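Asker: Sharing work.pdb, PDB, C-alpha atoms and all ligand atoms:
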```pdb
ATOM      1  CA  MET A   1       0.000   0.000   0.000
ATOM      2  CA  LEU A   2       2.803   2.403   0.998
ATOM      3  CA  LYS A   3       4.813   1.513  -2.120
ATOM      4  CA  THR A   4       1.763   2.117  -4.374
ATOM      5  CA  HIS A   5       1.222   5.473  -2.662
ATOM      6  CA  LEU A   6       4.889   6.483  -3.176
ATOM      7  CA  TYR A   7       4.800   5.274  -6.772
ATOM      8  CA  LEU A   8       1.671   7.331  -7.531
ATOM      9  CA  THR A   9       3.196  10.395  -5.830
ATOM     10  CA  ALA A  10       6.370  10.011  -7.940
ATOM     11  CA  LEU A  11       4.294   9.712 -11.129
ATOM     12  CA  CYS A  12       2.230  12.843 -10.310
ATOM     13  CA  VAL A  13       5.348  14.863  -9.445
ATOM     14  CA  LYS A  14       7.124  13.646 -12.598
ATOM     15  CA  LYS A  15       4.131  14.666 -14.732
ATOM     16  CA  LEU A  16       3.871  18.127 -13.115
ATOM     17  CA  ILE A  17       7.579  18.812 -13.690
ATOM     18  CA  ALA A  18       7.421  17.478 -17.269
ATOM     19  CA  ASP A  19       4.387  19.719 -18.024
ATOM     20  CA  GLU A  20       6.176  22.735 -16.532
ATOM     21  CA  LEU A  21       9.395  22.132 -18.492
ATOM     22  CA  ASN A  22       7.406  21.509 -21.700
ATOM     23  CA  ALA A  23       5.500  24.777 -21.140
ATOM     24  CA  VAL A  24       8.678  26.783 -20.528
ATOM     25  CA  PHE A  25      11.056  25.248 -23.076
ATOM     26  CA  SER A  26       8.723  23.514 -25.603
ATOM     27  CA  ASN A  27      10.980  21.097 -27.475
ATOM     28  CA  SER A  28      13.876  23.520 -27.736
ATOM     29  CA  ASP A  29      17.301  22.749 -26.252
ATOM     30  CA  ARG A  30      18.125  26.428 -25.728
ATOM     31  CA  PRO A  31      19.942  27.390 -22.522
ATOM     32  CA  CYS A  32      17.973  28.311 -19.396
ATOM     33  CA  THR A  33      17.429  32.063 -18.929
ATOM     34  CA  ALA A  34      16.827  34.099 -15.781
ATOM     35  CA  GLN A  35      13.194  34.514 -16.899
ATOM     36  CA  ASP A  36      12.772  30.706 -17.221
ATOM     37  CA  LEU A  37      13.922  30.273 -13.649
ATOM     38  CA  THR A  38      11.102  32.463 -12.328
ATOM     39  CA  GLU A  39       8.616  30.231 -14.181
ATOM     40  CA  LEU A  40       9.921  26.901 -12.840
ATOM     41  CA  LYS A  41       7.722  27.144  -9.762
ATOM     42  CA  HIS A  42       6.949  23.457  -9.447
ATOM     43  CA  LEU A  43      10.603  22.491  -9.760
ATOM     44  CA  GLU A  44      11.399  25.012  -7.007
ATOM     45  CA  CYS A  45       8.698  23.446  -4.796
ATOM     46  CA  CYS A  46      10.273  20.000  -5.395
ATOM     47  CA  ILE A  47      13.727  21.276  -4.406
ATOM     48  CA  LYS A  48      12.292  22.864  -1.247
ATOM     49  CA  GLU A  49      10.345  19.714  -0.353
ATOM     50  CA  SER A  50      13.550  17.657  -0.779
ATOM     51  CA  LEU A  51      15.422  20.101   1.484
ATOM     52  CA  ARG A  52      12.559  19.878   4.002
ATOM     53  CA  LEU A  53      12.562  16.076   4.128
ATOM     54  CA  HIS A  54      16.344  15.679   3.980
ATOM     55  CA  PRO A  55      18.064  18.948   4.973
ATOM     56  CA  ASN A  56      21.808  18.623   4.160
ATOM     57  CA  VAL A  57      22.509  20.475   7.418
ATOM     58  CA  PRO A  58      20.170  18.639   9.818
ATOM     59  CA  ALA A  59      21.153  20.561  12.973
ATOM     60  CA  ILE A  60      22.674  23.932  13.847
ATOM     61  CA  SER A  61      24.487  24.813  17.073
ATOM     62  CA  ARG A  62      25.129  28.114  18.828
ATOM     63  CA  TYR A  63      26.628  29.245  22.146
ATOM     64  CA  LEU A  64      24.294  31.514  24.091
ATOM     65  CA  PRO A  65      25.835  34.979  24.605
ATOM     66  CA  GLU A  66      23.526  35.626  27.589
ATOM     67  CA  ASP A  67      21.068  33.845  29.905
ATOM     68  CA  THR A  68      18.012  33.066  27.799
ATOM     69  CA  GLU A  69      14.515  31.987  28.821
ATOM     70  CA  THR A  70      12.590  29.887  26.334
ATOM     71  CA  GLY A  71       9.661  27.495  26.601
ATOM     72  CA  GLY A  72       9.683  27.815  30.398
ATOM     73  CA  TYR A  73      13.385  26.912  30.700
ATOM     74  CA  MET A  74      16.227  29.203  31.722
ATOM     75  CA  LEU A  75      19.298  28.426  29.605
ATOM     76  CA  PRO A  76      22.554  29.806  31.034
ATOM     77  CA  LYS A  77      24.979  32.048  29.190
ATOM     78  CA  GLY A  78      27.670  29.967  27.445
ATOM     79  CA  ALA A  79      25.470  26.871  26.993
ATOM     80  CA  MET A  80      25.532  25.249  23.590
ATOM     81  CA  VAL A  81      22.089  25.044  22.026
ATOM     82  CA  ILE A  82      21.490  22.562  19.234
ATOM     83  CA  LEU A  83      18.547  23.261  16.973
ATOM     84  CA  SER A  84      17.181  20.227  15.148
ATOM     85  CA  VAL A  85      16.331  21.516  11.668
ATOM     86  CA  ILE A  86      15.240  18.042  10.567
ATOM     87  CA  GLY A  87      12.956  17.782  13.626
ATOM     88  CA  MET A  88      11.456  21.206  12.889
ATOM     89  CA  HIS A  89      10.886  20.185   9.254
ATOM     90  CA  HIS A  90       8.959  17.094  10.412
ATOM     91  CA  ASN A  91       6.619  18.916  12.826
ATOM     92  CA  PRO A  92       3.173  17.568  11.822
ATOM     93  CA  GLU A  93       1.467  20.736  13.120
ATOM     94  CA  VAL A  94       3.336  22.774  10.526
ATOM     95  CA  PHE A  95       3.806  20.147   7.818
ATOM     96  CA  PRO A  96       0.913  17.636   7.919
ATOM     97  CA  ASP A  97       1.916  14.094   6.812
ATOM     98  CA  PRO A  98       5.527  15.160   7.419
ATOM     99  CA  ASP A  99       7.106  12.016   5.912
ATOM    100  CA  ASP A 100       5.256  12.400   2.600
ATOM    101  CA  PHE A 101       6.804  14.157  -0.386
ATOM    102  CA  LYS A 102       4.250  16.908  -1.128
ATOM    103  CA  PRO A 103       5.905  19.746  -3.080
ATOM    104  CA  GLU A 104       2.621  21.649  -3.278
ATOM    105  CA  ARG A 105       3.108  22.625   0.397
ATOM    106  CA  PHE A 106       5.482  25.279  -0.895
ATOM    107  CA  LEU A 107       3.111  26.902  -3.376
ATOM    108  CA  ALA A 108       2.503  30.498  -2.268
ATOM    109  CA  GLU A 109      -1.189  29.828  -1.561
ATOM    110  CA  ASN A 110      -0.320  26.876   0.718
ATOM    111  CA  SER A 111       2.373  28.725   2.659
ATOM    112  CA  ILE A 112       0.128  31.469   4.065
ATOM    113  CA  GLY A 113       0.464  31.741   7.844
ATOM    114  CA  ARG A 114       3.485  29.412   8.073
ATOM    115  CA  HIS A 115       6.242  30.881  10.229
ATOM    116  CA  PRO A 116       9.022  32.151   7.929
ATOM    117  CA  PHE A 117      11.622  30.114   9.863
ATOM    118  CA  ALA A 118       9.586  26.853   9.983
ATOM    119  CA  PHE A 119      11.487  25.801   6.874
ATOM    120  CA  SER A 120      15.161  26.676   7.439
ATOM    121  CA  PRO A 121      17.529  24.429   5.437
ATOM    122  CA  PHE A 122      19.876  27.415   5.101
ATOM    123  CA  SER A 123      19.570  28.429   8.768
ATOM    124  CA  ALA A 124      18.167  31.883   9.623
ATOM    125  CA  GLY A 125      19.208  35.162  11.179
ATOM    126  CA  PRO A 126      22.830  36.324  11.488
ATOM    127  CA  ARG A 127      25.328  33.729  10.137
ATOM    128  CA  ASN A 128      22.766  32.043   7.911
ATOM    129  CA  CYS A 129      23.891  30.687   4.554
ATOM    130  CA  ILE A 130      25.200  33.484   2.365
ATOM    131  CA  GLY A 131      25.012  31.143  -0.648
ATOM    132  CA  GLN A 132      21.304  30.276  -0.356
ATOM    133  CA  LYS A 133      20.000  32.286  -3.327
ATOM    134  CA  PHE A 134      22.897  31.080  -5.460
ATOM    135  CA  ALA A 135      22.330  27.459  -4.314
ATOM    136  CA  MET A 136      18.622  27.580  -5.246
ATOM    137  CA  LEU A 137      19.352  29.082  -8.686
ATOM    138  CA  GLU A 138      22.143  26.593  -9.292
ATOM    139  CA  LEU A 139      19.928  23.645  -8.324
ATOM    140  CA  LYS A 140      17.132  24.854 -10.603
ATOM    141  CA  VAL A 141      19.418  25.346 -13.616
ATOM    142  CA  ILE A 142      21.235  22.020 -13.167
ATOM    143  CA  LEU A 143      18.083  19.989 -12.517
ATOM    144  CA  ALA A 144      16.129  21.597 -15.371
ATOM    145  CA  ASN A 145      18.996  20.938 -17.783
ATOM    146  CA  LEU A 146      19.471  17.347 -16.631
ATOM    147  CA  ILE A 147      15.746  16.503 -16.751
ATOM    148  CA  ARG A 148      15.437  18.073 -20.224
ATOM    149  CA  ARG A 149      18.248  15.851 -21.550
ATOM    150  CA  PHE A 150      18.019  12.598 -19.605
ATOM    151  CA  ILE A 151      15.462  10.182 -18.178
ATOM    152  CA  PHE A 152      16.196   9.058 -14.630
ATOM    153  CA  SER A 153      14.875   6.009 -12.820
ATOM    154  CA  LEU A 154      15.920   4.080  -9.738
ATOM    155  CA  ALA A 155      18.097   1.044 -10.520
ATOM    156  CA  ASP A 156      16.425  -0.747  -7.602
ATOM    157  CA  PRO A 157      13.076   0.826  -6.629
ATOM    158  CA  GLU A 158      12.864  -1.576  -3.660
ATOM    159  CA  ALA A 159      16.192  -0.450  -2.132
ATOM    160  CA  PRO A 160      15.549   1.427   1.154
ATOM    161  CA  LEU A 161      16.615   5.054   1.333
ATOM    162  CA  ILE A 162      18.417   5.379   4.671
ATOM    163  CA  PRO A 163      19.574   8.887   5.629
ATOM    164  CA  ALA A 164      22.682   9.082   7.807
ATOM    165  CA  ILE A 165      24.656  11.947   9.335
ATOM    166  CA  GLN A 166      28.188  11.981   7.918
ATOM    167  CA  GLU A 167      30.533  14.671   9.254
ATOM    168  CA  THR A 168      27.563  16.848  10.328
ATOM    169  CA  MET A 169      25.886  16.577   6.895
ATOM    170  CA  LEU A 170      22.866  14.433   6.053
ATOM    171  CA  ALA A 171      23.528  12.047   3.186
ATOM    172  CA  PRO A 172      22.284   8.666   1.997
ATOM    173  CA  LYS A 173      23.882   5.843   4.013
ATOM    174  CA  TYR A 174      24.231   3.753   0.857
ATOM    175  CA  PRO A 175      24.652   5.151  -2.661
ATOM    176  CA  ILE A 176      21.420   5.676  -4.603
ATOM    177  CA  LYS A 177      21.944   3.976  -7.937
ATOM    178  CA  LEU A 178      20.147   5.497 -10.922
ATOM    179  CA  VAL A 179      19.574   4.353 -14.471
ATOM    180  CA  VAL A 180      20.131   7.334 -16.779
ATOM    181  CA  SER A 181      19.159   7.270 -20.433
ATOM    182  CA  LYS A 182      19.367   9.999 -23.026
ATOM    183  CA  ARG A 183      16.091  11.717 -23.926
ATOM    184  CA  LEU A 184      15.465  11.768 -27.652
ATOM    185  CA  ALA A 185      15.997  15.255 -29.096
ATOM    186  CA  GLY A 186      12.750  17.096 -29.875
ATOM    187  CA  LYS A 187      10.618  14.582 -27.949
ATOM    188  CA  ARG A 188       8.163  16.047 -25.460
ATOM    189  CA  MET A 189       8.655  15.030 -21.836
ATOM    190  CA  CYS A 190       5.933  12.926 -20.273
TER     191      CYS A 190
HETATM  192  C1  LIG A 201      21.712  23.332  -0.834
HETATM  193  C2  LIG A 201      22.834  24.012  -0.611
HETATM  194  C3  LIG A 201      23.231  24.632   0.699
HETATM  195  C4  LIG A 201      22.725  24.426   1.959
HETATM  196  C5  LIG A 201      21.583  23.496   2.391
HETATM  197  C6  LIG A 201      23.451  25.297   2.851
HETATM  198  C7  LIG A 201      23.198  25.399   4.215
HETATM  199  C8  LIG A 201      23.905  26.236   5.078
HETATM  200  C9  LIG A 201      23.617  26.388   6.475
HETATM  201  C10 LIG A 201      22.501  25.665   7.248
HETATM  202  C11 LIG A 201      24.494  27.292   7.000
HETATM  203  C12 LIG A 201      24.557  27.823   8.456
HETATM  204  C13 LIG A 201      25.321  26.889   9.327
HETATM  205  C14 LIG A 201      25.219  27.375  10.741
HETATM  206  O1  LIG A 201      24.420  28.266  11.058
HETATM  207  O2  LIG A 201      25.938  26.854  11.602
HETATM  208  C15 LIG A 201      25.337  27.721   5.912
HETATM  209  C16 LIG A 201      26.363  28.647   6.032
HETATM  210  C17 LIG A 201      27.131  29.086   4.979
HETATM  211  N1  LIG A 201      26.965  28.752   3.653
HETATM  212 FE1  LIG A 201      25.649  27.437   2.875
HETATM  213  N2  LIG A 201      24.373  26.013   2.142
HETATM  214  C18 LIG A 201      24.275  25.652   0.821
HETATM  215  C19 LIG A 201      24.988  26.147  -0.246
HETATM  216  C20 LIG A 201      25.939  27.128  -0.149
HETATM  217  C21 LIG A 201      26.636  27.718  -1.273
HETATM  218  C22 LIG A 201      26.392  27.344  -2.745
HETATM  219  C23 LIG A 201      27.506  28.626  -0.767
HETATM  220  C24 LIG A 201      28.466  29.541  -1.454
HETATM  221  C25 LIG A 201      28.340  29.914  -2.707
HETATM  222  C26 LIG A 201      27.360  28.617   0.680
HETATM  223  C27 LIG A 201      28.084  29.391   1.551
HETATM  224  C28 LIG A 201      27.911  29.421   2.923
HETATM  225  C29 LIG A 201      28.735  30.229   3.839
HETATM  226  C30 LIG A 201      29.914  31.116   3.468
HETATM  227  C31 LIG A 201      28.244  30.021   5.124
HETATM  228  C32 LIG A 201      28.753  30.617   6.448
HETATM  229  C33 LIG A 201      28.046  31.932   6.710
HETATM  230  C34 LIG A 201      28.507  32.537   8.044
HETATM  231  O3  LIG A 201      28.977  31.809   8.917
HETATM  232  O4  LIG A 201      28.329  33.747   8.198
HETATM  233  N3  LIG A 201      26.396  27.707   1.010
HETATM  234  N4  LIG A 201      24.960  27.068   4.761
END
```
Taking this structure as input, can you express it in the form of structure tokens?

Answerer:
Amino acid sequence: MLKTHLYLTALCVKKLIADELNAVFSNSDRPCTAQDLTELKHLECCIKESLRLHPNVPAISRYLPEDTETGGYMLPKGAMVILSVIGMHHNPEVFPDPDDFKPERFLAENSIGRHPFAFSPFSAGPRNCIGQKFAMLELKVILANLIRRFIFSLADPEAPLIPAIQETMLAPKYPIKLVVSKRLAGKRMC
């Protein structure tokens, strides 16, 4: 039942991205422009949903510069506070069905009222990621170009995806093997 559900989700997401890329690029193999990037809204939602489910930086730590009261606790100056980004991203009150891949959560109309820091893969406030805008643009360009040229599928759809923390970063415990085939030139994506 779970596998069927995941399979149907993957098919829907694949179709939405294919429709979006077809609408933006038609069958042309021209390079991606800045204007195209603003139109790849669904792709952006997919990137954000991936960063929500599997944030590369799953936790952030800070030393408190002063005594701080929060949630009824007094935390002393100098204590190290570790913020679980991955835990925050799986809060069912903010992200219902937190383990499901639902990119539409990030559409503007579905984000109304959500705290701006509820989704923080790049951290927030002073010392947040200075490369976040660049990273998002880079991911969009690379993914759009790859999906336009190649067809990707899992080599073993039954293989479990096990996230593991490696040197503070979240990464797959075992490599995810893909089958990549070239998309025929001029053929619409489906
Ligand atoms: C998906 C890609 C990326 C993710 C998820 C990410 C995430 C983060 C996070 C969470 C932090 C804050 C760590 C902390 O508060 O302890 C950070 C800091 C930083 N990131 Fe990124 N980052 C990404 C890509 C990039 C890129 C492409 C660049 C550079 C072009 C970059 C440059 C930096 C720098 C310089 C800092 C340190 C900022 C400071 O300490 O003031 N990051 N990043």

Asker: Against ligand LIG 201 (chain A), which residues of chain A fall within 8 Å? For each one I want the closest pair of atoms and the distance in Å (one decimal), counting all atoms listed in the file, rows by chain and increasing residue number, as CSV.

Answerer:
```
residue,atom,partner,partner_atom,distance
A:Leu51,CA,A:LIG201,C5,7.1
A:Pro55,CA,A:LIG201,C5,6.3
A:Asn56,CA,A:LIG201,C5,5.2
A:Val57,CA,A:LIG201,C10,5.2
A:Pro58,CA,A:LIG201,C10,7.8
A:Ala59,CA,A:LIG201,C10,7.8
A:Ile60,CA,A:LIG201,O2,4.9
A:Ser61,CA,A:LIG201,O2,6.0
A:Arg62,CA,A:LIG201,O2,7.4
A:Ser120,CA,A:LIG201,C10,7.4
A:Pro121,CA,A:LIG201,C5,5.2
A:Phe122,CA,A:LIG201,C10,3.8
A:Ser123,CA,A:LIG201,C10,4.3
A:Ala124,CA,A:LIG201,O1,7.4
A:Pro126,CA,A:LIG201,O4,6.9
A:Arg127,CA,A:LIG201,O4,3.6
A:Asn128,CA,A:LIG201,C12,4.6
A:Cys129,CA,A:LIG201,C16,3.5
A:Ile130,CA,A:LIG201,C28,4.9
A:Gly131,CA,A:LIG201,C23,3.5
A:Gln132,CA,A:LIG201,C19,5.5
A:Phe134,CA,A:LIG201,C22,5.8
A:Ala135,CA,A:LIG201,C22,4.4
A:Met136,CA,A:LIG201,C1,6.9
A:Glu138,CA,A:LIG201,C22,7.8
A:Leu139,CA,A:LIG201,C1,7.7
```

Asker: Between CA of Glu39 (chain A) and CA of Leu107 (chain A), what is the distance in Å, rounded to a tenth?

Answerer: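 So the two atoms, CA of Glu39 (chain A) and CA of Leu107 (chain A), lie 12.6 Å apart.
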
Asker: Would you kindly translate the PyMOL selection byres (((chain A and resi 156) around 9) and not hetatm) into the concrete residues it picks from this file, as an MDAnalysis selection string?

Answerer: chainID A and resid 153:155 157:159 176:178

Asker: Can you list what the PyMOL selection byres (((chain A and resi 182) around 9) and not hetatm) grabs from this structure, as a ChimeraX atom specification?

Answerer: /A:149-151,180-181,183-185

Asker: Name the residues that the PyMOL selection byres (((chain A and resi 42) around 10) and not hetatm) pulls out of this structure, and write them as a PyMOL selection string.

Answerer: chain A and resi 13+16-21+39-41+43-48+103-104+106-107

Asker: Out of A:Leu170, A:Ala23, A:Leu146, A:Ala10, which residue has the shortest atom-to-atom distance to Ile86 (chain A) when counting only C-alpha atoms?

Answerer: A:Leu170

Asker: Quick one: pull the distance between CA of Phe152 (chain A) and CA of Gln166 (chain A), Å, one decimal.

Answerer: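 Rounded to one decimal, the two atoms are 25.7 Å apart.
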
Asker: Just the number, please: distance in Å from CA of Ala144 (chain A) to CA of Thr38 (chain A), one decimal.

Answerer: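 Computed distance, CA of Ala144 (chain A) to CA of Thr38 (chain A), equals 12.4 Å.
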
Asker: Using all atoms of region 60-72 of chain A that appear in the file, construct an axis-aligned enclosing box with 5 Å of padding on every side and provide its centre coordinates and edge lengths in Å, rounded to one decimal, as JSON.

Answerer:
```
{"center_x": 18.1, "center_y": 29.8, "center_z": 22.1, "size_x": 27.0, "size_y": 21.7, "size_z": 26.6}
```

Asker: In terms of the shortest atom-to-atom distance over all atoms listed in the file, which of A:His54, A:Arg105, A:Lys14, A:Lys133 is closest to Gly87 (chain A)?

Answerer: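 For Gly87 (chain A), the nearest of the given residues is A:His54.
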